[in-house]
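S.K.: Sharing a structure with you now.
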Amino acid sequence: MASFKNTISTLVQLSRTASSCLLSRSRTHIFYISLLLLSVFFVSTSLTERSPTALASAMAARLRRAANYFSSFSPVSSSNTCLVSDLRSNCTLSSVTTVERAPGNSVKDGRYVIKDLGSCDIFNGNWVLDDSDPVYQPGSCPYIDDSFNCYKNGRVDFSYLRYRWKPFDCQIPRFDGRKMLKMLRGKRLVFVGDSLNRNMWESLVCALRESSKDRRRIFEVFRTQGLYSFRFKDYKCSIDFVKSPFLVQEWKISDKIGTRRETLRLDIIQGSKYSDADIIVFNTGHWWTHQKTNKGKNYFQEGSHVYSRLEVKEAFAKALRTWAKWVDVNIDRNRTRVFFVGYSASHFRKGQWDTGGHCDGETEPIANEASPAPYPWMMNILESVIAGMKTPVFYLNITKMTAYRKDGHPSIYRPAEIPRNPSMIQDCSHWCLPGVPDSWNELLYATLLISGH
């Protein structure tokens, strides 16, 4: 009799969970749910010769498994977030679209506890003073490019390292490189995109290096034009970067008089030798603001047609739809997690990078909540494209958190071969390492930790 009560209790649990989840699940999830319910039918028919108690116990076990599957999915929602499926009803997407997590509502990591992260917008917060040491010390990591190595290039104020990102509605765990290496054991993580993604890639490689017991067993597998890889031999994992600033293919054609010129093929993805990776982190954005791209004259191409004029917003949307189609066709959704990193803010004053803009002398983040620039148009397009995809995409919306950090750029602290003078080109787009990108990886780590990857 107790077994039948257990069955009824499990059915109630399943119906409650299913009612809140089923409408927002993908076809893949519904398929698995169907299999689980079908298994209940088969177990009941296979046990018709057994006692009612045995039958009830077996059915309860199967139903519990189904209920656990339902409850392992948690939508991200807050006053500023919504599910991808809600985007069409005037909803603003500003966080991870969907988090798959292990059963339970919290993950403990030292004294930091994530409570119900599924309902917390981890990208809605502020920068708080934090006197703990950075994940790796300035000057300690040999893998940082000179362009990002502000310590090597002479920056002596380190106040920009004293801030930590804190969401308003929850706490996130501090980055634990040893735990992340264990999560990445036997896996391949690939960053694909522009130099801001390279910023993030180098940050992660340095953070994981700091946590490695034997750094002699970290190898740079290759460093070619546009393709870089580090191998952590003790964990049999690799962390790669693929240069693809537009995500679609840069191209060269000959005009009527035989002159070679560049175009951007909006209908062809650039490179695809990473479709078998376990985690892929994409980005694009900054190169779409450059003069040639922004003008859109005789530059964008589809098939054999070169547009004499195409608005950059339309071209960007076409390119992202090409990327989305490639992901949906080529990525195994049961194996690979896909992330997309949002637009990283720049902080040029009195001009842009090529017109005398500068950001030197900044030592503190922007404190005024209303000060950051408007939400980039590119990210609105990205969100609408993600909404139509079959593949779950985890949107790392770093736009707001970077908008405050005018103090974290290399500015005048450029490589030695660039003369430091009043007319020099300052870097107010990329970030010093260690620095702001370490927080992006902390959020990536928190997402993977919650999802139980």
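In the structure tokens, chains take letters A, B, ... by order of appearance, with residues numbered from 1 within each chain and ligands from 1 in the order shown.
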Can you list, as a ChimeraX atom specification, every residue of region 142-205 of chain A that DSSP puts in strand (DSSP E)?

M.R.: /A:163-167,188-193

S.K.: Would you put the residues from that selection into a file with C-alpha atoms, as a PDB file, in the first residue's frame?

M.R.:
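What ended up in selection_30.pdb:
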ATOM      1  CA  TYR A 163      36.970  45.322  -8.032  1.00  0.00           C
ATOM      2  CA  ARG A 164      34.775  42.257  -8.304  1.00  0.00           C
ATOM      3  CA  TRP A 165      31.475  41.883 -10.129  1.00  0.00           C
ATOM      4  CA  LYS A 166      28.539  41.260  -7.773  1.00  0.00           C
ATOM      5  CA  PRO A 167      25.007  40.502  -9.042  1.00  0.00           C
ATOM      6  CA  ARG A 188      37.965  20.717 -25.682  1.00  0.00           C
ATOM      7  CA  LEU A 189      36.922  24.317 -25.071  1.00  0.00           C
ATOM      8  CA  VAL A 190      37.174  26.693 -28.043  1.00  0.00           C
ATOM      9  CA  PHE A 191      36.848  30.468 -28.191  1.00  0.00           C
ATOM     10  CA  VAL A 192      35.837  31.691 -31.664  1.00  0.00           C
ATOM     11  CA  GLY A 193      35.710  35.368 -32.531  1.00  0.00           C
TER      12      GLY A 193
END

S.K.: Based on the backbone DSSP call, show me all residues of region 170-354 of chain A assigned helix (DSSP H, G or I), as a ChimeraX atom specification.

M.R.: /A:177-183,195-211,215-217,233-235,286-289,291-295,312-330

S.K.: List the neighbours of Ser254 (chain A) out to 12 Å using only C-alpha atoms; skip same-chain residues closer than 6 positions along the sequence, and give me the result as a VMD selection string.

M.R.: chain A and resid 260 to 263 304 306

S.K.: Any chance you could export the current selection's N, CA, C and O atoms as a short mmCIF file (atom, residue, chain, number, x, y, z; two decimals), in the first residue's frame?

M.R.:
data_model
loop_
_atom_site.label_atom_id
_atom_site.label_comp_id
_atom_site.auth_asym_id
_atom_site.auth_seq_id
_atom_site.Cartn_x
_atom_site.Cartn_y
_atom_site.Cartn_z
N ARG A 260 42.10 42.93 -57.56
CA ARG A 260 41.64 42.12 -56.42
C ARG A 260 41.18 43.03 -55.29
O ARG A 260 41.85 44.00 -54.93
N ARG A 261 40.02 42.74 -54.73
CA ARG A 261 39.55 43.51 -53.59
C ARG A 261 38.82 42.61 -52.61
O ARG A 261 38.37 41.52 -52.96
N GLU A 262 38.73 43.10 -51.39
CA GLU A 262 38.15 42.31 -50.32
C GLU A 262 36.64 42.47 -50.26
O GLU A 262 36.10 43.56 -50.50
N THR A 263 35.97 41.38 -49.93
CA THR A 263 34.55 41.42 -49.61
C THR A 263 34.32 40.56 -48.37
O THR A 263 35.22 39.86 -47.90
N SER A 304 27.39 35.12 -55.71
CA SER A 304 28.24 35.90 -56.63
C SER A 304 27.86 37.38 -56.62
O SER A 304 28.47 38.18 -57.33
N VAL A 306 27.66 41.04 -55.19
CA VAL A 306 28.26 42.01 -54.27
C VAL A 306 27.34 43.21 -54.19
O VAL A 306 27.02 43.84 -55.22
#

S.K.: Between A:Cys120, A:Leu208, A:Val135, A:Leu396, single out the one closest to Asp169 (chain A), counting only C-alpha atoms.

M.R.: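 Of A:Cys120, A:Leu208, A:Val135, A:Leu396, the one nearest Asp169 (chain A), counting only C-alpha atoms, is A:Cys120.
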
S.K.: Taking into account only C-alpha atoms, which residue in the set A:Arg265, A:Ala324, A:Asp332, A:Ala317 is nearest to Glu302 (chain A)?

M.R.: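 The shortest atom-to-atom distance to Glu302 (chain A) comes from A:Arg265.
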
S.K.: May I ask which of the residues A:Glu202, A:Glu369, A:Glu311, A:Glu362 is the closest one to Asp146 (chain A), counting only C-alpha atoms?

M.R.: A:Glu202

S.K.: Find the spatial neighbours of Gln225 (chain A), counting only C-alpha atoms, within a cut-off of 12 Å - ignore same-chain residues fewer than 6 positions away - and output them as a PyMOL selection string.

M.R.: chain A and resi 241-244

S.K.: Give me a file of those residues, with N, CA and C atoms, as a compact mmCIF listing (two decimals), in the first residue's frame.

M.R.:
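Saved to selection12.txt:
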# COMPACT_ATOMS: atom_id res chain seq x y z
N PHE A 241 41.81 28.99 -29.25
CA PHE A 241 41.25 30.23 -29.79
C PHE A 241 41.32 30.19 -31.30
N VAL A 242 40.20 30.48 -31.96
CA VAL A 242 40.12 30.56 -33.42
C VAL A 242 39.75 32.00 -33.79
N LYS A 243 40.63 32.65 -34.53
CA LYS A 243 40.37 34.03 -34.93
C LYS A 243 39.31 34.05 -36.02
N SER A 244 38.20 34.73 -35.75
CA SER A 244 37.12 34.85 -36.72
C SER A 244 36.32 36.10 -36.35

S.K.: Restricting the calculation to only C-alpha atoms, which member of A:Trp323, A:Leu433, A:Thr284, A:Asp214 is positioned closest to Ile268 (chain A)?

M.R.: A:Trp323
